[in-house]
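Structure, as structure tokens:
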Amino acid sequence: MPIAARSLRLLIVTALWLSLAAWPAGAQAPAEPANAESALDPQQALGQLIEVLRDDAARDALIAELEANIATGEEEAAAPEEQSPSEELRSLGSQISDFTRGTVESVAASLSQLWRQLANAPRIFAGLDIGEFDALGGAVGHIALLVVVTYGGFIVLRRLAAGPRARFRQLFRRGGWIAKPVALILELALDIVAALIPYALGYAAAVSILGVPGQISLEHSLYLNAFLMIEIVLAVLRTVVSPNQAEQRLVHISDAGARAVMGWSRLLVSLFVYGQMLLLPLVTAAISFAAGRAISVVMVLITLVAAVFAVLAAREPVRQKLMELAPNRETRRGLSLPIHYWHVFALVYIGILAIVALTRSNSQFQAYLWSNAQIGIAVLVGFIILNIIKRILGNGITLPEPMRRRSPELQRQLNAVVPVVLKVVRFIVIAVVAMVCLHGLGFFNFVEFLESEFGARIAGSAVTIAMILGLALLCWVALNAWVDNQINPELAPRSTARKRTLFALMRNALTIAIIVITLMFVLSEVGINIAPLIASAGVIGLAIGFGAQKLVQDIITGIFIQLEGAIDVGDVVAVGGISGSVERLTIRSVSLRDVEGSYHIIPFSSVDTVTNFMRGFSYALVDMGVSYREDTAYVKQAMLDAFEELRADEQFKNAVIGDFEWMGVNAFAASEVVFRGRIKTLPGQQWGIKRAYNGIIKRVFDERGIEIPYPHQTLYFGEDKTGKAPPLRVLGQAADETTQGQGTAPTPVRQTEEGLEVPPSAKPRRRRSKAKANTIPPQAHLPDVDEGPDSDGDDK
């Protein structure tokens, strides 16, 4: 036999063999007329193929001819890619016309095919013959017994699990951010176990009691598998919507809405699962494939009708919920129309599912439904994550009490950083859900994108960057926890102000280092070469060092101030002409809060001198001014007695660490003699001690008649050439009319229940000296010293 003829015959036989192998899949297709070659006997074709393969020369020639045909096919496939000059010169309008014409023709062909399939849909129900279902009577009886066993056991176990479920819910209410998901997982596991035990009991009853002992029939296995599938799906839904516990609900819906979701879900899931996992295979095995296909479509249509009623029942609650999800009034106004008619879109979708169920096979319909289910699952998971993020953003991060005691600042810092991270996570979740939806709808193949070189690189970089950021965040949290542990007064009672200051500066420096290193790793992972950036940073730093001399001076001065321990957080200092308490200290500046509450930020470059009022000990310096006529020893004893009274006070005795230091007469002022003393106190207590001592000594001086004089001045009226001074009009006053503050003993003051009582003093009487008329000097035009706001009208 010639080699070419033998090769041609081998090709024909191979094609026939492949067509015979694919025959069961196309058994329901309309029969087409067969040619002469396809009429060969399959056994004869296989024999001829074996004969050709045994001949080495024929086999080699066949391989060579096949390779040549492959090369020829590649050339023919590449030939259409070369455009002729006329094709290249075609106008844009003709190209658009060809595109639109092809699109319209494709759509018309699809619609024509869809119409033909819908016209053939009634043939699906031709396999339904009620008389043929008599064979399922025995199976239905056995399944009814299994229903009693499984659902009865399930109800009993659900009631027995009420106690553990209550404990899990209590753990959820009282637990933290770790205990809550653990409680949800444990409750889900409890529901699954409550379904697995009846499932096992049903298998035991089917093997031992129903049917042949030791064997399980098809209908028993199908029912038990469908039962387990339904209960697992409902357990997951029960964990998500939590119809009885609002605080455990992972989606934001009302109690009535959660119960309605669970009720409709049980109905729809049971109809679909029992129809596809029980009735379809059971009818197919017992009656025929056509009957199984028909009962499957009937159950799908019943499920879709129930879904229509569910959509209509949830029309108003869902509309209100969608309006609540709109962030502002403008969004609600723009989306009001689609939100108001959301049920129309849902009903159209259900209609599409009905058309697919009528025009496609079971496998195609299930594949289509699974792709839509993936979209629904992705959207549900996205809503759950977004709801959790919303709760965290609304309530904030609450750490356990032991951790809050060990790290008081950690919770505040987490509440400052975590919301930013969660907003980024929310954006990522929305993007992932959108890509999954596009993949399910067929607009974007996410799997092929990940399998491509570019997609794999993007995915790998994204995962690596997420790991880098997560590790950096963990390092930052650990750093803050460790620093708080070192400076916490409860955990480190010997922690000094200097130690707290240095640890705070170290935390700032290490935080900056973590940020810079993380940024470098992220840029490197993105694909940016960071070596030039590092070199440029060195050059830029040198330029900044020359240009920003004040900044460099701030940092250098700050470093030496910290090394010398001149300022600590909490100290009262005077820097740059401003005094106050140190609230914040960085390597560049110090922040003070003065006595009026004003907040001052002072760069170290403007600091020439640092005055710290809280180093080791302090002195309350006391300067007391008394009248010139007072006895020095008497005043000293009064000041010492006032100090002993101060030191005996329970409120101030612990702050006084030394005896009163008498320093004697300090100055002779215009109207007083100033006596000085000082009290040694703990650092920072001198101001309070001085104020308390001033209050005591004022009372002691009043009790002992020691005058604290008003400021006064001696007047000199001068004299004429004859040595005589002008006459001075003086008012006389009796001894009993003297008042406090006029150089005599003060008016006695009595202590009553209402307070201090000062007796009223008698109004002094004004007297005029009786001078003769001829004694009035020429200077009589001078103003009368008695004239004033208290003068009587007839004194003029």
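Letters for chains follow the order of the structure tokens (A, B, ...), residue numbers begin at 1 for each chain, and ligand numbers begin at 1 in the order shown.
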request  = Can you pull out every residue within 8 Å of Phe446 in chain A, counting only C-alpha atoms, but drop anything in the same chain fewer than 3 positions away, and send it as JSON, numbers by chain?
outcome  = {"A": [435, 436, 439, 449, 450]}
Export of the given selection (C-alpha atoms) as a PDB file, in the first residue's frame:
ATOM      1  CA  MET A 435     -12.812  42.055  40.278  1.00  0.00           C
ATOM      2  CA  VAL A 436     -14.577  38.880  41.445  1.00  0.00           C
ATOM      3  CA  HIS A 439     -14.746  37.645  36.636  1.00  0.00           C
ATOM      4  CA  PHE A 449      -4.601  37.456  34.811  1.00  0.00           C
ATOM      5  CA  LEU A 450      -2.962  35.842  37.839  1.00  0.00           C
TER       6      LEU A 450
END
task = Record the distance separating CA of His142 in chain A and CA of Leu210 in chain A, expressed in Å with one decimal.
result =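 Computing it gives 6.8 Å between the two atoms.
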request  = For Lys180 in chain A, please output as a PyMOL selection string all residues within 9 Å (counting only C-alpha atoms; exclusion window: fewer than 5 positions along the same chain).
outcome  = chain A and resi 169+171-175+185+248
Could the residues in this selection be saved with C-alpha atoms as a tab-separated table (two decimals), in the first residue's frame?
chain	number	residue	atom	x	y	z
A	169	ARG	CA	-22.85	34.03	73.31
A	171	LEU	CA	-18.19	34.85	75.72
A	172	PHE	CA	-18.96	36.96	72.66
A	173	ARG	CA	-20.58	39.72	74.73
A	174	ARG	CA	-17.84	39.88	77.37
A	175	GLY	CA	-14.87	39.01	75.21
A	185	ILE	CA	-16.45	29.89	65.20
A	248	GLN	CA	-23.44	38.84	66.84
key: Near-range 382-387 of chain A list (8 Å; only C-alpha atoms; drop same-chain fewer than 2 positions) as a ChimeraX atom specification   = /A:250-252,378-380,389-391,426,429-430,433
Residues from last step as file, N, CA and C atoms, as an mmCIF file, in the first residue's frame:
data_model
loop_
_atom_site.group_PDB
_atom_site.id
_atom_site.type_symbol
_atom_site.label_atom_id
_atom_site.label_comp_id
_atom_site.auth_asym_id
_atom_site.auth_seq_id
_atom_site.Cartn_x
_atom_site.Cartn_y
_atom_site.Cartn_z
ATOM 1 N N LEU A 250 -23.284 39.782 61.637
ATOM 2 C CA LEU A 250 -22.167 40.263 60.826
ATOM 3 C C LEU A 250 -22.609 41.219 59.742
ATOM 4 N N VAL A 251 -23.907 41.297 59.464
ATOM 5 C CA VAL A 251 -24.439 42.263 58.508
ATOM 6 C C VAL A 251 -25.428 43.150 59.247
ATOM 7 N N HIS A 252 -25.547 44.380 58.801
ATOM 8 C CA HIS A 252 -26.354 45.371 59.509
ATOM 9 C C HIS A 252 -27.799 45.310 59.002
ATOM 10 N N ALA A 378 -19.049 36.619 47.151
ATOM 11 C CA ALA A 378 -18.047 37.698 47.225
ATOM 12 C C ALA A 378 -18.665 38.978 47.770
ATOM 13 N N VAL A 379 -19.866 39.317 47.287
ATOM 14 C CA VAL A 379 -20.529 40.532 47.779
ATOM 15 C C VAL A 379 -20.880 40.396 49.259
ATOM 16 N N LEU A 380 -21.351 39.206 49.673
ATOM 17 C CA LEU A 380 -21.696 38.993 51.078
ATOM 18 C C LEU A 380 -20.469 39.103 51.974
ATOM 19 N N ILE A 389 -15.366 46.603 59.661
ATOM 20 C CA ILE A 389 -14.531 47.805 59.633
ATOM 21 C C ILE A 389 -15.309 49.010 60.142
ATOM 22 N N LYS A 390 -16.587 49.112 59.758
ATOM 23 C CA LYS A 390 -17.404 50.231 60.219
ATOM 24 C C LYS A 390 -17.577 50.193 61.731
ATOM 25 N N ARG A 391 -17.781 49.012 62.287
ATOM 26 C CA ARG A 391 -17.917 48.905 63.741
ATOM 27 C C ARG A 391 -16.629 49.299 64.448
ATOM 28 N N ARG A 426 -10.465 48.741 53.466
ATOM 29 C CA ARG A 426 -11.803 48.865 52.875
ATOM 30 C C ARG A 426 -11.722 49.088 51.367
ATOM 31 N N VAL A 429 -10.768 45.772 49.781
ATOM 32 C CA VAL A 429 -11.905 44.838 49.771
ATOM 33 C C VAL A 429 -12.871 45.178 48.648
ATOM 34 N N ILE A 430 -13.182 46.453 48.491
ATOM 35 C CA ILE A 430 -14.086 46.862 47.416
ATOM 36 C C ILE A 430 -13.503 46.523 46.051
ATOM 37 N N VAL A 433 -13.744 42.668 45.511
ATOM 38 C CA VAL A 433 -15.122 42.267 45.219
ATOM 39 C C VAL A 433 -15.510 42.662 43.804
#
Name the residues in contact with Thr557 in chain A at a cut-off of 8 Å, using only C-alpha atoms, excluding same-chain residues fewer than 6 positions from it; report them as a compact mmCIF listing (two decimals) with C-alpha atoms, in the first residue's frame.
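The resulting file, part.txt, is shown below:
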# COMPACT_ATOMS: atom_id res chain seq x y z
CA ARG A 588 14.65 70.01 67.96
CA PHE A 604 16.72 74.97 70.93
CA SER A 605 18.61 77.36 68.67
query = Please, which residues of range 102-328 of chain A, numbered as in this document, come out alpha helix (DSSP H) from DSSP, as a PyMOL selection string?
reply = chain A and resi 102-120+137-160+162-174+179-208+218-241+255-274+280-286+289-313+315-325
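Of the listed residues A:Gly677, A:Ser254, A:Val273, A:Leu160, the one whose atoms come nearest to Val635 in chain A is A:Gly677, with distances taken using only C-alpha atoms.
Shortest atom-to-atom contact with Leu551 in chain A among A:Pro603, A:Tyr223, A:Arg699, A:Thr398: A:Pro603, counting only C-alpha atoms.
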key: Minimum-distance residue to Ala566 in chain A, chosen among A:Arg615, A:His600, A:Lys698, A:Arg584 (using only C-alpha atoms)   =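 Ranking A:Arg615, A:His600, A:Lys698, A:Arg584 by distance to Ala566 in chain A, first place goes to A:Arg615.
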remark   = In Å and to one decimal, CA of Asn654 in chain A is distant from CA of Arg593 in chain A by 26.4 Å
Contact residues around range 336-352 of chain A with only C-alpha atoms at 8 Å, ignoring same-chain residues under 4 positions, as a PDB file with N, CA and C atoms, in the first residue's frame:
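Wrote result-v4.pdb, looks like this:
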ATOM      1  N   LEU A 304     -37.560  29.269  41.656  1.00  0.00           N
ATOM      2  CA  LEU A 304     -37.548  30.648  41.161  1.00  0.00           C
ATOM      3  C   LEU A 304     -38.866  31.363  41.471  1.00  0.00           C
ATOM      4  N   ALA A 307     -38.573  32.427  44.872  1.00  0.00           N
ATOM      5  CA  ALA A 307     -37.678  33.586  44.933  1.00  0.00           C
ATOM      6  C   ALA A 307     -38.408  34.866  44.534  1.00  0.00           C
ATOM      7  N   VAL A 308     -39.331  34.782  43.590  1.00  0.00           N
ATOM      8  CA  VAL A 308     -40.118  35.955  43.211  1.00  0.00           C
ATOM      9  C   VAL A 308     -40.951  36.451  44.394  1.00  0.00           C
ATOM     10  N   VAL A 311     -38.644  38.204  46.854  1.00  0.00           N
ATOM     11  CA  VAL A 311     -38.264  39.555  46.417  1.00  0.00           C
ATOM     12  C   VAL A 311     -39.400  40.537  46.656  1.00  0.00           C
ATOM     13  N   LEU A 312     -40.609  40.141  46.332  1.00  0.00           N
ATOM     14  CA  LEU A 312     -41.749  41.040  46.533  1.00  0.00           C
ATOM     15  C   LEU A 312     -41.988  41.298  48.018  1.00  0.00           C
ATOM     16  N   ARG A 315     -39.365  43.872  49.299  1.00  0.00           N
ATOM     17  CA  ARG A 315     -39.210  45.061  48.463  1.00  0.00           C
ATOM     18  C   ARG A 315     -38.998  46.316  49.306  1.00  0.00           C
ATOM     19  N   ARG A 319     -35.439  48.412  50.178  1.00  0.00           N
ATOM     20  CA  ARG A 319     -35.365  49.781  49.669  1.00  0.00           C
ATOM     21  C   ARG A 319     -34.923  50.748  50.770  1.00  0.00           C
ATOM     22  N   LEU A 322     -31.187  50.189  51.511  1.00  0.00           N
ATOM     23  CA  LEU A 322     -30.329  50.775  50.489  1.00  0.00           C
ATOM     24  C   LEU A 322     -30.276  52.287  50.611  1.00  0.00           C
ATOM     25  N   MET A 323     -31.372  52.923  50.978  1.00  0.00           N
ATOM     26  CA  MET A 323     -31.356  54.366  51.180  1.00  0.00           C
ATOM     27  C   MET A 323     -30.495  54.737  52.387  1.00  0.00           C
ATOM     28  N   ARG A 332     -28.264  59.783  47.652  1.00  0.00           N
ATOM     29  CA  ARG A 332     -29.611  59.213  47.716  1.00  0.00           C
ATOM     30  C   ARG A 332     -30.501  59.779  46.616  1.00  0.00           C
ATOM     31  N   VAL A 356     -32.392  30.396  31.269  1.00  0.00           N
ATOM     32  CA  VAL A 356     -31.203  29.532  31.222  1.00  0.00           C
ATOM     33  C   VAL A 356     -31.561  28.116  31.623  1.00  0.00           C
TER      34      VAL A 356
END
Spatial neighbours of range 148-158 of chain A, max dist 10 Å, only C-alpha atoms, sep filter under 6 positions, as a list of chain:residue names =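 These residues fall inside the cut-off: A:Arg165, A:Leu190, A:Asp191, A:Val193, A:Ala194, A:Ala195, A:Leu196, A:Ile197, A:Pro198, A:Tyr199, A:Ala200, A:Leu201, A:Gly202, A:Tyr203, A:Ala205, A:Leu224, A:Phe227, A:Leu228, A:Glu231.
For the pair CA of Val432 in chain A and CA of Val463 in chain A, the separation is 13.4 Å.
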query = Pick from A:Asp554, A:Asp608, A:Glu187, A:Glu451: nearest to Val575 in chain A, with only C-alpha atoms counted?
reply = A:Asp608
